[in-house]
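Asks: Input structure: query24.csv, which contains CSV, C-alpha atoms.
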```csv
chain,number,residue,atom,x,y,z
A,1,MET,CA,27.7,10.3,11.9
A,2,HIS,CA,24.1,11.2,10.8
A,3,ILE,CA,23.5,12.0,7.1
A,4,ASP,CA,20.2,13.8,6.2
A,5,LEU,CA,19.3,14.3,2.5
A,6,ASN,CA,17.9,17.9,2.5
A,7,SER,CA,14.3,18.2,1.1
A,8,CYS,CA,14.7,14.7,-0.2
A,9,PHE,CA,11.8,14.1,-2.5
A,10,ALA,CA,11.9,17.6,-4.0
A,11,SER,CA,15.7,17.5,-4.5
A,12,VAL,CA,15.4,14.2,-6.3
A,13,GLU,CA,12.8,15.7,-8.6
A,14,GLN,CA,15.0,18.7,-9.3
A,15,GLN,CA,17.9,16.3,-10.0
A,16,ALA,CA,15.8,14.3,-12.4
A,17,ASN,CA,14.5,17.4,-14.3
A,18,PRO,CA,17.0,20.3,-14.7
A,19,LEU,CA,14.2,22.7,-15.5
A,20,LEU,CA,13.1,22.5,-11.9
A,21,ARG,CA,16.4,23.4,-10.4
A,22,ASP,CA,16.6,26.6,-8.3
A,23,LYS,CA,12.8,26.9,-8.4
A,24,PRO,CA,10.2,26.4,-5.7
A,25,VAL,CA,8.9,22.8,-6.0
A,26,ALA,CA,6.4,20.9,-3.9
A,27,VAL,CA,6.1,17.1,-4.1
A,28,VAL,CA,2.4,16.3,-3.6
A,29,HIS,CA,0.5,13.0,-3.5
A,30,THR,CA,-2.2,14.5,-5.7
A,31,ASN,CA,-1.9,17.4,-8.0
A,32,ALA,CA,-5.1,19.1,-6.8
A,33,PRO,CA,-5.8,22.0,-4.5
A,34,TYR,CA,-6.5,19.7,-1.6
A,35,GLY,CA,-3.4,17.6,-2.3
A,36,CYS,CA,-1.1,17.3,0.7
A,37,ILE,CA,2.5,18.6,0.3
A,38,LEU,CA,4.8,15.8,1.1
A,39,ALA,CA,8.1,17.7,0.6
A,40,PRO,CA,8.8,21.3,-0.4
A,41,SER,CA,12.2,22.2,-2.0
A,42,VAL,CA,14.7,24.4,-0.2
A,43,GLU,CA,13.5,27.3,-2.4
A,44,ALA,CA,9.9,26.7,-1.5
A,45,LYS,CA,10.7,26.7,2.2
A,46,LEU,CA,12.0,30.2,1.9
A,47,TYR,CA,8.4,31.3,1.2
A,48,GLY,CA,7.1,29.4,4.3
A,49,VAL,CA,5.8,26.4,2.4
A,50,LYS,CA,5.8,23.4,4.8
A,51,THR,CA,5.2,19.7,4.8
A,52,GLY,CA,1.6,18.9,5.6
A,53,MET,CA,0.1,22.0,3.9
A,54,THR,CA,-2.4,21.6,1.1
A,55,LEU,CA,-1.2,22.6,-2.3
A,56,ALA,CA,-3.7,25.5,-2.3
A,57,GLU,CA,-2.2,26.8,1.0
A,58,GLY,CA,1.3,26.5,-0.4
A,59,GLN,CA,0.4,28.4,-3.6
A,60,LEU,CA,-1.1,31.2,-1.5
A,61,LEU,CA,2.3,31.6,0.1
A,62,CYS,CA,4.2,31.1,-3.2
A,63,PRO,CA,2.3,31.7,-6.4
A,64,TYR,CA,5.1,30.3,-8.4
A,65,LEU,CA,5.1,27.0,-6.6
A,66,ILE,CA,5.5,24.0,-9.0
A,67,PRO,CA,3.7,20.8,-8.0
A,68,ARG,CA,5.1,17.4,-8.8
A,69,GLU,CA,3.3,14.2,-8.0
A,70,ALA,CA,5.3,11.8,-5.9
A,71,ASP,CA,7.4,9.2,-7.7
A,72,PRO,CA,8.5,6.7,-4.9
A,73,SER,CA,10.7,4.6,-7.3
A,74,LYS,CA,12.9,7.6,-7.9
A,75,TYR,CA,13.4,8.2,-4.1
A,76,ARG,CA,14.1,4.5,-3.4
A,77,THR,CA,16.7,4.5,-6.2
A,78,VAL,CA,18.6,7.5,-4.7
A,79,HIS,CA,18.2,6.0,-1.2
A,80,ARG,CA,19.9,2.8,-2.4
A,81,GLN,CA,22.6,4.7,-4.2
A,82,ILE,CA,23.5,6.7,-1.2
A,83,GLY,CA,23.5,3.6,1.0
A,84,GLU,CA,25.9,1.9,-1.3
A,85,LEU,CA,28.2,4.9,-1.3
A,86,LEU,CA,28.2,5.1,2.5
A,87,ASN,CA,29.2,1.4,2.7
A,88,GLU,CA,32.6,2.6,1.5
A,89,TYR,CA,33.0,4.7,4.7
A,90,SER,CA,31.7,2.3,7.3
A,91,ASP,CA,31.1,-1.4,7.8
A,92,ARG,CA,27.7,-0.8,9.4
A,93,VAL,CA,25.4,1.7,7.6
A,94,ILE,CA,22.0,2.1,9.3
A,95,SER,CA,19.0,3.3,7.2
A,96,LYS,CA,17.0,5.5,9.6
A,97,SER,CA,14.4,6.5,7.0
A,98,ILE,CA,14.1,7.0,3.3
A,99,ASP,CA,16.3,10.2,3.6
A,100,GLU,CA,18.5,9.5,6.7
A,101,PHE,CA,21.4,7.3,7.4
A,102,CYS,CA,23.6,6.8,10.4
A,103,LEU,CA,27.0,5.2,10.5
A,104,PRO,CA,29.4,4.5,13.3
A,105,LEU,CA,32.9,5.5,12.3
A,106,ARG,CA,35.7,3.7,13.9
A,107,SER,CA,38.7,5.7,14.9
A,108,LEU,CA,36.7,8.9,14.3
A,109,TYR,CA,38.9,10.8,16.7
A,110,GLY,CA,41.6,8.2,16.9
A,111,VAL,CA,45.2,8.5,16.0
A,112,GLY,CA,45.6,8.1,12.3
A,113,GLY,CA,41.9,8.2,11.5
A,114,PRO,CA,40.4,10.9,9.2
A,115,ALA,CA,38.8,13.9,10.9
A,116,PRO,CA,35.0,14.1,10.8
A,117,GLN,CA,35.3,17.2,8.6
A,118,GLN,CA,37.3,15.3,6.1
A,119,ILE,CA,34.9,12.4,6.0
A,120,SER,CA,31.9,14.8,5.7
A,121,GLN,CA,33.5,16.7,2.8
A,122,SER,CA,34.3,13.5,1.0
A,123,ILE,CA,30.7,12.2,1.4
A,124,LYS,CA,29.2,15.4,0.2
A,125,SER,CA,31.6,15.6,-2.8
A,126,ARG,CA,30.9,12.0,-3.7
A,127,ILE,CA,27.2,12.3,-3.6
A,128,LYS,CA,27.3,15.3,-5.9
A,129,SER,CA,29.7,13.7,-8.4
A,130,ASP,CA,28.4,10.1,-8.3
A,131,ILE,CA,24.7,10.5,-7.7
A,132,GLY,CA,23.5,14.0,-8.4
A,133,ASP,CA,24.8,17.5,-8.2
A,134,SER,CA,21.4,18.9,-7.0
A,135,LEU,CA,21.5,16.7,-3.9
A,136,ARG,CA,22.6,18.3,-0.7
A,137,VAL,CA,23.1,16.6,2.6
A,138,SER,CA,23.4,17.9,6.1
A,139,ILE,CA,25.8,15.9,8.4
A,140,GLY,CA,26.0,15.8,12.1
A,141,VAL,CA,28.6,14.0,14.3
A,142,SER,CA,28.4,13.2,18.0
A,143,THR,CA,28.9,10.4,20.5
A,144,ASN,CA,25.4,8.9,20.1
A,145,GLN,CA,22.8,8.7,17.4
A,146,ASN,CA,20.3,11.1,18.9
A,147,LEU,CA,22.8,13.9,19.3
A,148,ALA,CA,24.3,13.2,15.8
A,149,LYS,CA,20.8,13.7,14.4
A,150,LEU,CA,20.4,16.9,16.4
A,151,ALA,CA,23.8,18.1,15.0
A,152,SER,CA,22.7,17.4,11.4
A,153,GLY,CA,19.8,19.8,11.8
A,154,LEU,CA,21.6,22.8,13.3
A,155,HIS,CA,22.5,24.4,10.0
A,156,LYS,CA,20.4,23.1,7.1
A,157,PRO,CA,20.7,22.9,4.2
A,158,ASN,CA,24.1,21.4,3.4
A,159,GLY,CA,25.4,21.9,7.0
A,160,PHE,CA,28.0,20.2,9.1
A,161,ASP,CA,28.2,20.3,12.9
A,162,ILE,CA,29.8,18.3,15.7
A,163,ILE,CA,28.3,18.1,19.2
A,164,ASP,CA,30.8,16.9,21.8
A,165,HIS,CA,32.0,17.5,25.4
A,166,GLY,CA,33.3,21.0,24.5
A,167,ASN,CA,30.1,22.5,23.0
A,168,PHE,CA,27.0,20.5,24.0
A,169,VAL,CA,26.0,23.0,26.7
A,170,ASP,CA,26.1,25.9,24.2
A,171,VAL,CA,24.0,23.9,21.8
A,172,TYR,CA,21.4,23.1,24.5
A,173,ARG,CA,21.2,26.8,25.3
A,174,LYS,CA,20.2,27.6,21.7
A,175,ILE,CA,17.6,25.0,20.8
A,176,LYS,CA,14.1,24.1,21.9
A,177,LEU,CA,12.9,20.9,23.6
A,178,GLN,CA,11.2,19.6,20.5
A,179,ASP,CA,14.4,19.9,18.5
A,180,PHE,CA,15.4,16.6,20.2
A,181,CYS,CA,14.3,13.6,18.1
A,182,GLY,CA,11.7,11.9,20.3
A,183,ILE,CA,10.4,14.9,22.2
A,184,ASN,CA,7.0,15.7,20.7
A,185,VAL,CA,4.2,17.9,22.1
A,186,ARG,CA,3.0,15.2,24.5
A,187,ASN,CA,6.5,14.6,25.9
A,188,GLU,CA,7.2,18.3,26.2
A,189,ILE,CA,4.0,18.7,28.3
A,190,ARG,CA,5.3,15.9,30.6
A,191,LEU,CA,8.5,17.8,31.1
A,192,HIS,CA,6.7,21.0,31.8
A,193,ARG,CA,4.8,19.3,34.6
A,194,VAL,CA,8.0,18.7,36.5
A,195,GLY,CA,9.4,22.2,35.9
A,196,ILE,CA,11.5,21.5,32.8
A,197,PHE,CA,11.1,24.1,30.1
A,198,THR,CA,14.4,24.3,28.3
A,199,PRO,CA,17.0,21.8,27.0
A,200,LEU,CA,19.5,23.0,29.5
A,201,GLN,CA,17.0,22.3,32.4
A,202,PHE,CA,16.4,18.9,30.7
A,203,TYR,CA,20.1,18.1,30.9
A,204,GLN,CA,20.5,19.3,34.5
A,205,ALA,CA,17.4,17.4,35.8
A,206,SER,CA,18.1,14.5,38.1
A,207,LEU,CA,17.3,10.9,37.1
A,208,PRO,CA,14.4,10.7,39.7
A,209,THR,CA,12.9,13.9,38.1
A,210,LEU,CA,13.0,12.4,34.6
A,211,LYS,CA,11.6,9.1,35.8
A,212,LEU,CA,8.7,11.1,37.4
A,213,ALA,CA,8.2,13.0,34.1
A,214,PHE,CA,8.0,10.1,31.7
A,215,GLN,CA,6.7,7.4,34.1
A,216,SER,CA,8.7,4.8,32.2
A,217,VAL,CA,12.2,3.7,31.2
A,218,LEU,CA,12.3,6.8,28.9
A,219,GLY,CA,13.4,8.8,31.9
A,220,ARG,CA,16.6,6.8,32.2
A,221,TYR,CA,17.1,6.8,28.4
A,222,TRP,CA,17.0,10.6,28.2
A,223,HIS,CA,19.2,11.0,31.2
A,224,THR,CA,21.8,8.9,29.4
A,225,ARG,CA,21.3,10.4,25.9
A,226,LEU,CA,21.7,14.0,27.0
A,227,ARG,CA,25.1,13.1,28.5
A,228,GLY,CA,26.4,11.7,25.2
A,229,TYR,CA,26.1,8.0,25.9
A,230,GLU,CA,24.5,5.6,23.4
A,231,VAL,CA,21.2,3.9,24.2
A,232,ASP,CA,19.7,3.7,20.7
A,233,ASP,CA,22.2,1.4,19.0
A,234,VAL,CA,19.6,-1.4,18.5
A,235,THR,CA,18.5,-2.9,15.2
A,236,PHE,CA,15.2,-4.7,15.3
A,237,ALA,CA,14.4,-7.7,13.2
A,238,ARG,CA,11.3,-6.1,11.7
A,239,ARG,CA,11.6,-2.6,10.3
A,240,SER,CA,9.6,-0.5,7.9
A,241,PHE,CA,9.4,3.0,6.4
A,242,GLY,CA,6.1,4.8,6.7
A,243,GLN,CA,4.2,6.0,3.7
A,244,SER,CA,1.5,8.6,3.5
A,245,TYR,CA,-1.7,8.2,1.5
A,246,VAL,CA,-4.0,11.0,0.4
A,247,LEU,CA,-7.6,10.2,-0.4
A,248,PRO,CA,-8.5,10.5,-4.1
A,249,ARG,CA,-11.1,13.3,-3.6
A,250,PRO,CA,-12.6,15.4,-0.7
A,251,MET,CA,-14.9,13.1,1.2
A,252,SER,CA,-17.7,13.5,3.8
A,253,TYR,CA,-17.1,12.3,7.3
A,254,LYS,CA,-19.2,9.1,6.8
A,255,GLU,CA,-17.2,8.3,3.6
```
Represent the supplied structure as structure tokens.

Replies:
Amino acid sequence: MHIDLNSCFASVEQQANPLLRDKPVAVVHTNAPYGCILAPSVEAKLYGVKTGMTLAEGQLLCPYLIPREADPSKYRTVHRQIGELLNEYSDRVISKSIDEFCLPLRSLYGVGGPAPQQISQSIKSRIKSDIGDSLRVSIGVSTNQNLAKLASGLHKPNGFDIIDHGNFVDVYRKIKLQDFCGINVRNEIRLHRVGIFTPLQFYQASLPTLKLAFQSVLGRYWHTRLRGYEVDDVTFARRSFGQSYVLPRPMSYKE
């Protein structure tokens, strides 16, 4: 099960300040026209505001956009609270990022075990009641971490989807290659070179074709992932979360 806190930074700011709720909010590193938007709220996204835009670009799309400077301590607090809550549902909660968690659920489909929908509804309800009623999560369930993450992004915000043996082909028909976590522009170009342009072609490709595309063990990994098997269940000793930094003022190239 993959849990994704929707519009994490902006949602936490809306939770902390009721006056910001249901309004377009952009969390920025610096409250200046050149400041980079780190996270737009769900409402801001409806205007086309996206992560990576400058504040000036966002306000052109949405004149009512409300900027809020990032407050990392708030986001770490909510991250910790959600992690502690999820510990009640699984004995092994994996923090994938500041706003994403993954948990293997024993007996997920087993006899006597709760159904994924029930677990999802319980988690969503507990987050609202125990942590913040402005916080929404999208949840995906599948047989490996990569496909569970894909499922969590199919119907944001506040979505729930399962990808399994009965519907994975239909899902592959509806998405793009870059919807898979780990397929960026460079990897998509590699796939294009061997005649793969759609997720369904990606799935149907032979192992030798994928090895030729990636020129590494990634070919075997993707051949395995796309068929629902787990190859990413590894926890490394050293882990970190990335953090963006915006320069304090516009600078020349030499500076």

Asks: With distances taken over all atoms listed in the file, which of A:Leu135, A:Leu46, A:Cys62, A:Val141 is nearest to Ala10 of chain A?

Replies: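 Going through A:Leu135, A:Leu46, A:Cys62, A:Val141 one by one, the smallest distance to Ala10 of chain A is for A:Leu135.
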
Asks: Report, in Å with one decimal, the straight-line distance from atom CA of Tyr47 of chain A to atom CA of Ile66 of chain A.

Replies: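 Between atom CA of Tyr47 of chain A and atom CA of Ile66 of chain A the gap is 12.9 Å.
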
Asks: Here is a test: counting all atoms listed in the file, which residue of A:Val27, A:Leu200, A:Ile139, A:Leu207 is nearest to Val169 of chain A?

Replies: A:Leu200

Asks: Go ahead and compute the interatomic distance for atom CA of Ala56 of chain A and atom CA of Leu19 of chain A, in Å to one decimal.

Replies: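 Separating atom CA of Ala56 of chain A from atom CA of Leu19 of chain A is a distance of 22.4 Å.
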